Amino acid sequence: MLEILCVALAVYFESRGEPIEGQYAVASVVWNRRNDPRWPNHTCEVVAEKGQFESWPLIKAQMPLSIYPEYLGIPHNPAMRKALAAASFTAEEPTTRALFFAQAGYLKFEYLETIGNHEFYIPHEE
């Protein structure tokens, strides 16, 4: 449950205004990183990686008692429910193989696709 909540918070703060496909893709980036040996093996640690998610300060503020969202200030609204659905939906089968996302034109990795206002990437093969 905590892993899904960490992904949902990342989706909420990074892409809540995006179409559901974009939210799936942002959630997929977190799950893909969790499953990649270059990143930590827990989603909360993935979103806490320095310099990786602009929204980390907002996510971190929600974490201490995050298993009780109704008592915390974790958004309890349709956008958060949608983010939780995106996190759950992509947990077993991510919708993209991307490991990075950014505003259009921001990263210099191998481009995969654009969904909403984000472009999705993988590292260049070495």
# chains A, B, ... in the order shown; residues from 1 in each chain; ligands from 1

call {"tool": "residues_around", "arguments": {"residues": "Ile122 of chain A", "least_positions_apart": "3", "cutoff": "9 Å", "atoms": "only C-alpha atoms", "output": "list in words"}}
result
Arg97, Ala98, Leu99, Phe100, Phe101, Phe109, Glu110, Tyr111, Leu112 and Glu125 of chain A

call {"tool": "residues_around", "arguments": {"residues": "Pro78 of chain A", "least_positions_apart": "6", "cutoff": "12 Å", "atoms": "only C-alpha atoms", "output": "short mmCIF file (atom, residue, chain, number, x, y, z; two decimals) with N, CA and C atoms, in the first residue's frame"}}
result
data_model
loop_
_atom_site.label_atom_id
_atom_site.label_comp_id
_atom_site.auth_asym_id
_atom_site.auth_seq_id
_atom_site.Cartn_x
_atom_site.Cartn_y
_atom_site.Cartn_z
N TYR A 12 0.25 12.62 -8.61
CA TYR A 12 -0.59 13.77 -8.24
C TYR A 12 0.17 15.08 -8.40
N ARG A 16 -1.06 15.74 -12.31
CA ARG A 16 -2.50 15.65 -12.07
C ARG A 16 -3.34 16.35 -13.12
N GLY A 17 -2.80 17.31 -13.85
CA GLY A 17 -3.55 17.98 -14.89
C GLY A 17 -3.44 17.33 -16.26
N LEU A 84 -4.20 7.64 -7.57
CA LEU A 84 -4.13 6.31 -6.94
C LEU A 84 -4.50 5.22 -7.94
N ALA A 85 -5.48 5.48 -8.77
CA ALA A 85 -5.86 4.51 -9.80
C ALA A 85 -4.73 4.30 -10.79
#

call {"tool": "atom_distance", "arguments": {"atom1": "atom CA of Ser15 of chain A", "atom2": "atom CA of His124 of chain A"}}
result
24.7 Å

call {"tool": "atom_distance", "arguments": {"atom1": "atom CA of Leu9 of chain A", "atom2": "atom CA of Ala25 of chain A"}}
result
14.0 Å

call {"tool": "closest_residue", "arguments": {"among": "A:Tyr24, A:Trp31, A:Pro40, A:Ala87", "to": "Leu5 of chain A", "atoms": "only C-alpha atoms"}}
result
A:Ala87

call {"tool": "residues_around", "arguments": {"residues": "Ile115 of chain A", "least_positions_apart": "3", "cutoff": "10 Å", "atoms": "only C-alpha atoms", "output": "ChimeraX atom specification"}}
result
/A:18-26,101,104,118-120

call {"tool": "write_last_selection", "arguments": {"atoms": "N, CA and C atoms", "output": "PDB file, in the first residue's frame"}}
result
ATOM      1  N   GLU A  18      -2.742  16.223 -16.327  1.00  0.00           N
ATOM      2  CA  GLU A  18      -2.501  15.528 -17.589  1.00  0.00           C
ATOM      3  C   GLU A  18      -3.623  14.526 -17.867  1.00  0.00           C
ATOM      4  N   PRO A  19      -3.746  14.092 -19.129  1.00  0.00           N
ATOM      5  CA  PRO A  19      -4.701  13.019 -19.422  1.00  0.00           C
ATOM      6  C   PRO A  19      -4.291  11.743 -18.678  1.00  0.00           C
ATOM      7  N   ILE A  20      -5.232  10.834 -18.495  1.00  0.00           N
ATOM      8  CA  ILE A  20      -4.954   9.608 -17.736  1.00  0.00           C
ATOM      9  C   ILE A  20      -3.772   8.846 -18.323  1.00  0.00           C
ATOM     10  N   GLU A  21      -3.596   8.863 -19.642  1.00  0.00           N
ATOM     11  CA  GLU A  21      -2.456   8.175 -20.258  1.00  0.00           C
ATOM     12  C   GLU A  21      -1.140   8.779 -19.772  1.00  0.00           C
ATOM     13  N   GLY A  22      -1.114  10.104 -19.589  1.00  0.00           N
ATOM     14  CA  GLY A  22       0.076  10.760 -19.065  1.00  0.00           C
ATOM     15  C   GLY A  22       0.333  10.402 -17.619  1.00  0.00           C
ATOM     16  N   GLN A  23      -0.738  10.269 -16.846  1.00  0.00           N
ATOM     17  CA  GLN A  23      -0.576   9.858 -15.453  1.00  0.00           C
ATOM     18  C   GLN A  23      -0.086   8.410 -15.367  1.00  0.00           C
ATOM     19  N   TYR A  24      -0.603   7.553 -16.242  1.00  0.00           N
ATOM     20  CA  TYR A  24      -0.103   6.173 -16.294  1.00  0.00           C
ATOM     21  C   TYR A  24       1.391   6.175 -16.611  1.00  0.00           C
ATOM     22  N   ALA A  25       1.797   7.013 -17.550  1.00  0.00           N
ATOM     23  CA  ALA A  25       3.203   7.032 -17.958  1.00  0.00           C
ATOM     24  C   ALA A  25       4.102   7.541 -16.832  1.00  0.00           C
ATOM     25  N   VAL A  26       3.672   8.580 -16.106  1.00  0.00           N
ATOM     26  CA  VAL A  26       4.460   9.064 -14.969  1.00  0.00           C
ATOM     27  C   VAL A  26       4.554   7.973 -13.897  1.00  0.00           C
ATOM     28  N   PHE A 101      11.059  11.419 -17.429  1.00  0.00           N
ATOM     29  CA  PHE A 101      10.097  12.284 -18.110  1.00  0.00           C
ATOM     30  C   PHE A 101      10.460  13.721 -17.781  1.00  0.00           C
ATOM     31  N   ALA A 104       8.628  19.150 -22.395  1.00  0.00           N
ATOM     32  CA  ALA A 104       9.079  18.963 -23.776  1.00  0.00           C
ATOM     33  C   ALA A 104      10.420  19.648 -24.026  1.00  0.00           C
ATOM     34  N   HIS A 118       4.388  16.189 -21.198  1.00  0.00           N
ATOM     35  CA  HIS A 118       5.649  15.547 -20.843  1.00  0.00           C
ATOM     36  C   HIS A 118       6.179  14.703 -21.998  1.00  0.00           C
ATOM     37  N   GLU A 119       7.510  14.681 -22.102  1.00  0.00           N
ATOM     38  CA  GLU A 119       8.185  13.766 -23.003  1.00  0.00           C
ATOM     39  C   GLU A 119       8.800  12.666 -22.149  1.00  0.00           C
ATOM     40  N   PHE A 120       8.820  11.457 -22.701  1.00  0.00           N
ATOM     41  CA  PHE A 120       9.320  10.290 -21.967  1.00  0.00           C
ATOM     42  C   PHE A 120      10.551   9.738 -22.670  1.00  0.00           C
TER      43      PHE A 120
END

call {"tool": "closest_residue", "arguments": {"among": "A:Met80, A:Asp36, A:Glu14, A:Ser88", "to": "Asn117 of chain A", "atoms": "only C-alpha atoms"}}
result
A:Glu14

call {"tool": "closest_residue", "arguments": {"among": "A:Glu113, A:Gln52, A:Asn77, A:Thr90", "to": "Ser28 of chain A", "atoms": "only C-alpha atoms"}}
result
A:Thr90

call {"tool": "residues_around", "arguments": {"residues": "Glu45 of chain A", "least_positions_apart": "2", "cutoff": "12 Å", "atoms": "only C-alpha atoms", "output": "PyMOL selection string"}}
result
chain A and resi 2-3+6-7+10+30-31+33-34+39-43+47-50+52-53+56+59-60+63

call {"tool": "closest_residue", "arguments": {"among": "A:Ala91, A:Lys82, A:Val46, A:Glu54", "to": "Ala27 of chain A", "atoms": "only C-alpha atoms"}}
result
A:Ala91

call {"tool": "atom_distance", "arguments": {"atom1": "atom CA of Tyr121 of chain A", "atom2": "atom CA of Gly51 of chain A"}}
result
16.3 Å
